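> I'm passing along final.pdb; it holds PDB, C-alpha atoms.
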MODEL        1
ATOM      1  CA  VAL A   1      45.346  19.335  -2.936  1.00  0.00           C
ATOM      2  CA  VAL A   2      44.531  22.899  -3.981  1.00  0.00           C
ATOM      3  CA  ARG A   3      47.526  23.115  -6.287  1.00  0.00           C
ATOM      4  CA  PHE A   4      46.853  19.698  -7.805  1.00  0.00           C
ATOM      5  CA  LEU A   5      43.196  20.426  -8.558  1.00  0.00           C
ATOM      6  CA  TRP A   6      44.002  23.945  -9.773  1.00  0.00           C
ATOM      7  CA  ALA A   7      46.609  22.493 -12.175  1.00  0.00           C
ATOM      8  CA  LYS A   8      43.927  20.150 -13.525  1.00  0.00           C
ATOM      9  CA  GLY A   9      41.796  23.193 -14.377  1.00  0.00           C
ATOM     10  CA  HIS A  10      39.309  23.153 -11.503  1.00  0.00           C
ATOM     11  CA  LYS A  11      37.802  26.458 -10.355  1.00  0.00           C
ATOM     12  CA  PRO A  12      38.283  27.581  -6.729  1.00  0.00           C
ATOM     13  CA  SER A  13      34.616  26.924  -5.916  1.00  0.00           C
ATOM     14  CA  GLU A  14      34.895  23.356  -7.260  1.00  0.00           C
ATOM     15  CA  ILE A  15      38.119  22.775  -5.321  1.00  0.00           C
ATOM     16  CA  HIS A  16      36.516  24.017  -2.112  1.00  0.00           C
ATOM     17  CA  ARG A  17      33.424  21.864  -2.647  1.00  0.00           C
ATOM     18  CA  ASP A  18      35.555  18.747  -3.199  1.00  0.00           C
ATOM     19  CA  MET A  19      37.785  19.486  -0.204  1.00  0.00           C
ATOM     20  CA  ARG A  20      34.760  20.187   1.990  1.00  0.00           C
ATOM     21  CA  GLY A  21      33.360  16.783   1.045  1.00  0.00           C
ATOM     22  CA  VAL A  22      36.559  15.095   2.239  1.00  0.00           C
ATOM     23  CA  TYR A  23      37.682  17.264   5.179  1.00  0.00           C
ATOM     24  CA  GLY A  24      34.307  18.553   6.414  1.00  0.00           C
ATOM     25  CA  ASP A  25      34.561  21.356   8.967  1.00  0.00           C
ATOM     26  CA  ASP A  26      38.382  21.002   9.038  1.00  0.00           C
ATOM     27  CA  CYS A  27      38.605  22.340   5.482  1.00  0.00           C
ATOM     28  CA  MET A  28      40.077  25.769   4.749  1.00  0.00           C
ATOM     29  CA  ASP A  29      37.464  28.350   3.801  1.00  0.00           C
ATOM     30  CA  ARG A  30      36.620  29.246   0.215  1.00  0.00           C
ATOM     31  CA  SER A  31      38.400  32.617   0.336  1.00  0.00           C
ATOM     32  CA  ASN A  32      41.706  30.918   1.186  1.00  0.00           C
ATOM     33  CA  VAL A  33      41.247  28.396  -1.612  1.00  0.00           C
ATOM     34  CA  SER A  34      40.673  31.322  -3.998  1.00  0.00           C
ATOM     35  CA  ARG A  35      43.709  33.161  -2.624  1.00  0.00           C
ATOM     36  CA  TRP A  36      45.956  30.136  -3.182  1.00  0.00           C
ATOM     37  CA  CYS A  37      44.601  29.667  -6.702  1.00  0.00           C
ATOM     38  CA  THR A  38      45.500  33.310  -7.393  1.00  0.00           C
ATOM     39  CA  PHE A  39      49.039  32.695  -6.068  1.00  0.00           C
ATOM     40  CA  PHE A  40      49.420  29.704  -8.393  1.00  0.00           C
ATOM     41  CA  GLN A  41      48.014  31.695 -11.321  1.00  0.00           C
ATOM     42  CA  GLU A  42      50.673  34.364 -10.644  1.00  0.00           C
ATOM     43  CA  GLY A  43      53.404  31.720 -10.819  1.00  0.00           C
ATOM     44  CA  ARG A  44      54.016  30.905  -7.172  1.00  0.00           C
ATOM     45  CA  VAL A  45      55.363  27.374  -6.730  1.00  0.00           C
ATOM     46  CA  ASN A  46      56.703  27.462  -3.165  1.00  0.00           C
ATOM     47  CA  LEU A  47      54.177  26.663  -0.421  1.00  0.00           C
ATOM     48  CA  SER A  48      56.374  27.984   2.407  1.00  0.00           C
ATOM     49  CA  ASP A  49      55.919  31.465   3.853  1.00  0.00           C
ATOM     50  CA  SER A  50      57.807  34.138   1.962  1.00  0.00           C
ATOM     51  CA  PRO A  51      60.403  36.215   3.824  1.00  0.00           C
ATOM     52  CA  ARG A  52      58.986  39.440   5.241  1.00  0.00           C
ATOM     53  CA  SER A  53      60.530  42.577   6.637  1.00  0.00           C
ATOM     54  CA  GLY A  54      60.025  43.629  10.221  1.00  0.00           C
ATOM     55  CA  ARG A  55      60.572  42.147  13.626  1.00  0.00           C
ATOM     56  CA  PRO A  56      60.465  38.340  13.838  1.00  0.00           C
ATOM     57  CA  THR A  57      57.653  36.931  15.966  1.00  0.00           C
ATOM     58  CA  THR A  58      59.900  34.367  17.663  1.00  0.00           C
ATOM     59  CA  ALA A  59      63.511  34.072  18.726  1.00  0.00           C
ATOM     60  CA  ALA A  60      65.394  30.786  18.553  1.00  0.00           C
ATOM     61  CA  ILE A  61      68.244  30.886  21.025  1.00  0.00           C
ATOM     62  CA  PRO A  62      69.394  28.131  23.398  1.00  0.00           C
ATOM     63  CA  GLN A  63      68.270  30.087  26.474  1.00  0.00           C
ATOM     64  CA  ASN A  64      64.597  30.030  25.474  1.00  0.00           C
ATOM     65  CA  ALA A  65      64.419  26.743  23.577  1.00  0.00           C
ATOM     66  CA  SER A  66      63.659  24.733  26.684  1.00  0.00           C
ATOM     67  CA  MET A  67      63.079  25.731  30.301  1.00  0.00           C
ATOM     68  CA  GLU A  68      62.213  23.915  33.484  1.00  0.00           C
ATOM     69  CA  TRP A  69      59.065  24.993  35.274  1.00  0.00           C
ATOM     70  CA  LYS A  70      57.945  24.087  38.753  1.00  0.00           C
ATOM     71  CA  HIS A  71      54.382  22.823  38.936  1.00  0.00           C
ATOM     72  CA  ALA A  72      52.880  21.441  42.130  1.00  0.00           C
ATOM     73  CA  GLY A  73      56.364  20.968  43.556  1.00  0.00           C
ATOM     74  CA  SER A  74      57.729  18.800  40.720  1.00  0.00           C
ATOM     75  CA  PRO A  75      59.799  19.947  37.744  1.00  0.00           C
ATOM     76  CA  VAL A  76      58.041  19.867  34.385  1.00  0.00           C
ATOM     77  CA  LYS A  77      59.871  20.295  31.082  1.00  0.00           C
ATOM     78  CA  LYS A  78      58.046  22.839  28.984  1.00  0.00           C
ATOM     79  CA  LYS A  79      58.966  24.189  25.532  1.00  0.00           C
ATOM     80  CA  PHE A  80      57.625  27.561  24.506  1.00  0.00           C
ATOM     81  CA  LYS A  81      58.352  30.588  22.351  1.00  0.00           C
ATOM     82  CA  VAL A  82      59.331  33.929  23.831  1.00  0.00           C
ATOM     83  CA  THR A  83      58.444  37.213  22.208  1.00  0.00           C
ATOM     84  CA  GLN A  84      59.676  40.661  23.117  1.00  0.00           C
ATOM     85  CA  SER A  85      56.902  43.228  23.392  1.00  0.00           C
ATOM     86  CA  ALA A  86      58.934  46.444  23.690  1.00  0.00           C
ATOM     87  CA  ARG A  87      62.474  47.731  23.621  1.00  0.00           C
ATOM     88  CA  LYS A  88      63.872  50.377  25.941  1.00  0.00           C
TER
ENDMDL
END
In C-alpha cells, write the structure found in this file.


Amino acid sequence: VVRFLWAKGHKPSEIHRDMRGVYGDDCMDRSNVSRWCTFFQEGRVNLSDSPRSGRPTTAAIPQNASMEWKHAGSPVKKKFKVTQSARK
C-alpha cells in the first residue's frame, strides 16, 4: 500500500492518513511510513529484509525445528526458535 500510494505521488502524511482510515489502530506509525517512502525514493524495490552482518538471531537445524514437551503428563508438540546467548 505504501509503495503504491508513494508511486502515485502521495506524501507520507497522506499515505498514513489513508492507511489509518482503513486499518485503524493496526496501522504502522507515521515515522515508518516516512522511512519506507525514503527507501523507495532511494531506489529500493525489494520489501524483504536486507542481509546484515553479525550473528544470526535464529538457527534452523533439524534438532531445534521441532521438540516434544511434556505438559501435565501428556506430550505436546511445540515449535520454537533457539538462540545462543554466549559462547565459551

> Skipping near chain neighbours, those fewer than 6 positions away, what residues fall within 12 Å of Asp26 in chain A using all atoms listed in the file, listed as a PyMOL selection string?

chain A and resi 16+19-20

> Store the residues of this selection in a file with C-alpha atoms, as an mmCIF file, in the frame of the given file.


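File result_6.cif, as written:
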data_model
loop_
_atom_site.group_PDB
_atom_site.id
_atom_site.type_symbol
_atom_site.label_atom_id
_atom_site.label_comp_id
_atom_site.auth_asym_id
_atom_site.auth_seq_id
_atom_site.Cartn_x
_atom_site.Cartn_y
_atom_site.Cartn_z
ATOM 1 C CA HIS A 16 36.516 24.017 -2.112
ATOM 2 C CA MET A 19 37.785 19.486 -0.204
ATOM 3 C CA ARG A 20 34.760 20.187 1.990
#

> In Å, with one decimal, what is the gap from CA of Cys37 in chain A to CA of Asp49 in chain A?

15.6 Å

> Quick one: 8 Å padding each side, axis-aligned, all listed atoms of range 37-40 of chain A - centre and edge lengths in Å to one decimal, as lines of an AutoDock Vina configuration file?


center_x = 47.0
center_y = 31.5
center_z = -7.2
size_x = 20.8
size_y = 19.6
size_z = 18.3
